Structures are given as structure tokens and as C-alpha cells.
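The file structure_37.tsv contains TSV, C-alpha atoms:
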chain	number	residue	atom	x	y	z
Z	281	MET	CA	65.99	-135.46	-78.96
Z	282	ALA	CA	68.36	-138.40	-79.02
Z	283	ARG	CA	67.95	-141.97	-77.89
Z	284	VAL	CA	70.73	-142.75	-75.38
Z	285	LEU	CA	71.78	-146.03	-73.77
Z	286	VAL	CA	73.49	-145.53	-70.39
Z	287	ILE	CA	75.53	-148.53	-69.21
Z	288	ASP	CA	76.59	-148.36	-65.56
Z	289	ASP	CA	76.30	-150.87	-62.73
Z	290	ASP	CA	75.93	-148.11	-60.15
Z	291	ARG	CA	72.14	-147.77	-60.17
Z	292	LEU	CA	72.06	-144.48	-58.30
Z	293	PHE	CA	74.65	-142.90	-60.59
Z	294	SER	CA	72.93	-144.19	-63.73
Z	295	ALA	CA	69.59	-142.84	-62.45
Z	296	LEU	CA	71.20	-139.41	-62.02
Z	297	MET	CA	72.59	-139.54	-65.58
Z	298	ARG	CA	69.20	-140.63	-66.88
Z	299	ARG	CA	67.41	-137.80	-65.08
Z	300	ALA	CA	69.88	-135.19	-66.38
Z	301	LEU	CA	69.51	-136.42	-69.97
Z	302	ASP	CA	65.71	-136.74	-69.62
Z	303	GLN	CA	65.53	-133.11	-68.50
Z	304	HIS	CA	67.22	-132.11	-71.75
Z	305	GLY	CA	64.70	-134.02	-73.86
Z	306	HIS	CA	66.60	-137.23	-74.48
Z	307	ASP	CA	65.05	-140.69	-74.39
Z	308	VAL	CA	67.21	-142.81	-72.06
Z	309	VAL	CA	67.47	-146.57	-71.56
Z	310	LEU	CA	69.54	-148.01	-68.71
Z	311	ALA	CA	71.66	-151.17	-68.64
Z	312	VAL	CA	73.56	-152.44	-65.59
Z	313	ASP	CA	76.08	-154.76	-67.27
Z	314	GLY	CA	77.49	-155.83	-70.60
Z	315	LYS	CA	74.90	-158.54	-71.18
Z	316	SER	CA	71.89	-156.26	-70.69
Z	317	ALA	CA	73.61	-153.53	-72.74
Z	318	ARG	CA	74.17	-155.89	-75.67
Z	319	GLU	CA	70.55	-157.07	-75.45
Z	320	SER	CA	69.30	-153.48	-75.50
Z	321	PHE	CA	71.54	-152.54	-78.41
Z	322	ALA	CA	70.44	-155.60	-80.41
Z	323	ALA	CA	66.76	-154.79	-79.84
Z	324	GLN	CA	66.76	-150.99	-80.21
Z	325	SER	CA	68.47	-148.16	-82.03
Z	326	PHE	CA	70.57	-145.59	-80.17
Z	327	ASP	CA	72.07	-142.28	-81.21
Z	328	ALA	CA	74.55	-142.36	-78.32
Z	329	ILE	CA	75.89	-144.84	-75.81
Z	330	VAL	CA	77.35	-143.77	-72.47
Z	331	CYS	CA	79.41	-146.63	-71.05
Z	332	ASP	CA	81.16	-146.99	-67.72
Z	333	ILE	CA	84.50	-148.74	-68.08
Z	334	VAL	CA	84.23	-150.96	-64.99
Z	335	LEU	CA	81.29	-153.35	-65.25
Z	336	PRO	CA	80.62	-156.64	-63.45
Z	337	ASP	CA	80.70	-159.01	-66.42
Z	338	GLU	CA	83.04	-157.40	-68.97
Z	339	THR	CA	84.88	-154.16	-69.41
Z	340	GLY	CA	83.30	-151.15	-70.97
Z	341	LEU	CA	86.35	-151.03	-73.24
Z	342	GLN	CA	85.24	-154.34	-74.79
Z	343	ILE	CA	81.75	-153.01	-75.37
Z	344	LEU	CA	83.00	-149.72	-76.81
Z	345	ARG	CA	85.47	-151.50	-79.10
Z	346	ASP	CA	82.74	-153.78	-80.45
Z	347	LEU	CA	80.31	-150.90	-80.92
Z	348	ARG	CA	82.88	-148.71	-82.66
Z	349	GLN	CA	83.24	-151.48	-85.25
Z	350	SER	CA	79.58	-152.47	-85.59
Z	351	ALA	CA	77.94	-149.05	-85.22
Z	352	PRO	CA	80.35	-146.31	-86.33
Z	353	GLN	CA	77.43	-143.86	-86.66
Z	354	THR	CA	76.65	-144.04	-82.91
Z	355	ALA	CA	78.24	-141.48	-80.57
Z	356	LEU	CA	80.24	-143.32	-77.90
Z	357	ILE	CA	81.01	-141.73	-74.53
Z	358	ALA	CA	83.27	-143.48	-72.00
Z	359	VAL	CA	82.75	-142.78	-68.30
Z	360	SER	CA	85.09	-143.79	-65.48
Z	361	GLY	CA	86.87	-142.75	-62.34
Z	362	GLY	CA	89.90	-142.59	-64.61
Z	363	LYS	CA	92.20	-145.39	-63.55
Z	364	SER	CA	91.84	-149.12	-63.29
Z	365	ALA	CA	94.08	-151.09	-60.99
Z	366	GLY	CA	95.61	-154.20	-62.45
Z	367	ARG	CA	97.92	-156.55	-60.63
Z	368	SER	CA	100.52	-153.90	-59.95
Z	369	ILE	CA	99.87	-151.41	-62.70
Z	370	HIS	CA	97.44	-148.58	-63.10
Z	371	ILE	CA	95.99	-147.92	-66.51
Z	372	ASP	CA	94.43	-144.63	-67.57
Z	373	VAL	CA	91.32	-146.24	-69.01
Z	374	LEU	CA	89.83	-143.01	-70.31
Z	375	HIS	CA	92.96	-142.31	-72.34
Z	376	LEU	CA	92.83	-145.87	-73.62
Z	377	ALA	CA	89.18	-145.36	-74.61
Z	378	GLU	CA	90.18	-142.20	-76.52
Z	379	THR	CA	92.79	-144.14	-78.47
Z	380	MET	CA	90.07	-146.66	-79.36
Z	381	GLY	CA	88.06	-143.91	-81.02
Z	382	VAL	CA	85.30	-142.98	-78.59
Z	383	ASP	CA	83.75	-139.60	-79.27
Z	384	ALA	CA	84.09	-138.26	-75.72
Z	385	VAL	CA	85.23	-139.21	-72.24
Z	386	VAL	CA	83.90	-138.10	-68.86
Z	387	LYS	CA	85.80	-138.58	-65.62
Z	388	LYS	CA	83.82	-139.36	-62.46
Z	389	PRO	CA	82.83	-137.54	-60.39
Z	390	PHE	CA	81.37	-134.89	-62.65
Z	391	GLU	CA	78.82	-132.11	-62.70
Z	392	LEU	CA	75.65	-133.31	-64.40
Z	393	SER	CA	75.46	-130.16	-66.53
Z	394	ASN	CA	78.97	-130.87	-67.86
Z	395	PHE	CA	77.98	-134.49	-68.50
Z	396	VAL	CA	74.94	-133.44	-70.57
Z	397	PHE	CA	77.06	-130.88	-72.44
Z	398	THR	CA	79.60	-133.60	-73.29
Z	399	VAL	CA	76.95	-136.07	-74.48
Z	400	GLU	CA	75.26	-133.43	-76.63
Z	401	GLY	CA	78.64	-132.36	-78.02
Z	402	ALA	CA	79.43	-135.95	-78.99
Z	403	LEU	CA	76.02	-136.28	-80.66
Z	404	ASP	CA	76.59	-133.04	-82.62
Z	405	LYS	CA	80.07	-134.15	-83.66
Z	406	LYS	CA	78.77	-137.52	-84.86
Z	407	ARG	CA	75.93	-135.90	-86.82
Z	408	GLN	CA	78.42	-133.63	-88.60
Z	409	GLU	CA	80.53	-136.64	-89.60
Z	410	LEU	CA	77.61	-138.47	-91.21
Z	411	PRO	CA	76.39	-138.02	-94.77
Z	412	PRO	CA	73.28	-135.76	-94.86
Z	413	GLN	CA	70.84	-138.56	-95.74
Z	414	VAL	CA	71.98	-140.58	-92.71
Z	415	ALA	CA	72.29	-137.62	-90.31
Z	416	ASN	CA	68.64	-136.68	-90.91
Z	417	ARG	CA	67.41	-139.97	-89.45
Z	418	SER	CA	66.78	-139.70	-85.73
Z	419	ALA	CA	67.92	-143.14	-84.56
Z	420	ILE	CA	70.26	-145.35	-86.50
Z	421	ARG	CA	70.17	-149.13	-86.43
Z	422	PRO	CA	73.56	-150.82	-86.17
Z	423	GLY	CA	75.00	-152.35	-89.36
Hey, can you dump this file as C-alpha cells for me?
Amino acid sequence: MARVLVIDDDRLFSALMRRALDQHGHDVVLAVDGKSARESFAAQSFDAIVCDIVLPDETGLQILRDLRQSAPQTALIAVSGGKSAGRSIHIDVLHLAETMGVDAVVKKPFELSNFVFTVEGALDKKRQELPPQVANRSAIRPG
């Protein structure tokens, strides 16, 4: 079982992600924006963080960048519809998230079984990267 923070302002979609992860034995906490996500992360430990790229108060890319630096042991999964419209440009935000070092990306819409498979794969990958004494701890507190 892993402790997972899901950050998404779409409450229905985040509830579906939570239910899918719950059914696979994971402990899930929800956050609807960057502020509540940062409060949750400061107060609790998480093995994985699933973060939507488009949030009301800041971009998920900002959150993921900060977490990659402060909590390299946490599996980071970026979720998005795939493109973000700027003034007259379209940016492939999931590709950008990959270049920032997230452990996995998931493009909306997705099958919940594929989503769970991706989250669990990212958790497994992160555990294999960690030294044995750290990997054996269930939840890791950020640096």
C-alpha cells in the first residue's frame, strides 16, 4: 500500500482516481489546487503524487518541479489533457513534464485500470531507484 496525493481541481475526476487507487489498497488524499497540495505535502508523507497540470492557482508543472527538487524519493505522475493553450501557441505539457523528470505521465481521458497501472509502475520504479534502507520505509518525508 502506498500513500498517494492526488491534485486535481476537477472534483469528480479526482474522486474517480481516488476510488480506483483505493480499490487497489492505496491510501489517497485529495487536493484541489496548489495551495492545498502544498499544505498536504508539508503536513504528511507521500509515496506518490499525481498532479494535474492545469490548476486554478498555479501550474502543476510548478508543483512538480518543486517536488522533484525537494522530494526526489517521491514518485511523480503528471496528468493532463495533453496540451495547454497559450496566447497563440500550444505546448505539449506532458512532454514538458517528462523533460522535468516526472516518473510517469497520463493523458486524459484514460481508463482507470491503465491509470492505476501507471501509478503502481511509477511507485515500483522509484522503489528500485532508492537505496534498500530507504526503500523499505513505507512513506518518506520530504527532505
- Note on the structure: Judged by only C-alpha atoms, the minimum distance to Phe397 in chain Z among Z:Leu301, Z:Met380, Z:Leu296, Z:Asp289 is found for Z:Leu301
- Which one is closest to Thr339 in chain Z: Z:Arg298, Z:Val359, Z:Ala351, Z:Arg407? Count only C-alpha atoms.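 Checking each candidate against Thr339 in chain Z, we get Z:Val359 as the closest.
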- Task: For the point (68.3, -139.3, -76.0) in the file's frame, write as a count of residues only all residues with an atom no more than 6 Å away, counting all atoms listed in the file.
- Result: 7
- So how far away is CA of Arg345 in chain Z from CA of Val386 in chain Z, in Å?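 Computed distance, CA of Val386 in chain Z to CA of Arg345 in chain Z, equals 16.9 Å.
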- Distance criterion (all atoms listed in the file): nearest to Gly314 in chain Z out of Z:Gln342, Z:Gln408, Z:Gln349, Z:Ser294: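 Closest to Gly314 in chain Z, using all atoms listed in the file: Z:Gln342.
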- Message: So, with all atoms listed in the file as the atoms that count, which of Z:Asp288, Z:Asp332, Z:Asp372, Z:Asp383 lies closest to Gly401 in chain Z?
- Response: Z:Asp383
- Message: Given all atoms listed in the file as the basis, pick out the residue of Z:Leu403, Z:Val373, Z:Ala384, Z:Ala323 nearest to Leu341 in chain Z.
- Response: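 Smallest separation from Leu341 in chain Z among the options: Z:Val373.
Our summary of the geometry notes that CA of Asp290 in chain Z is positioned 9.1 Å from CA of Leu335 in chain Z.
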- Item | Distance of CA of Met297 in chain Z from CA of Glu378 in chain Z, expressed in Å to one decimal place | 20.9 Å
- Would you please work out which residue, of Z:Leu310, Z:Arg348, Z:Val399, Z:Cys331, is nearest to Leu292 in chain Z when using all atoms listed in the file? Z:Leu310
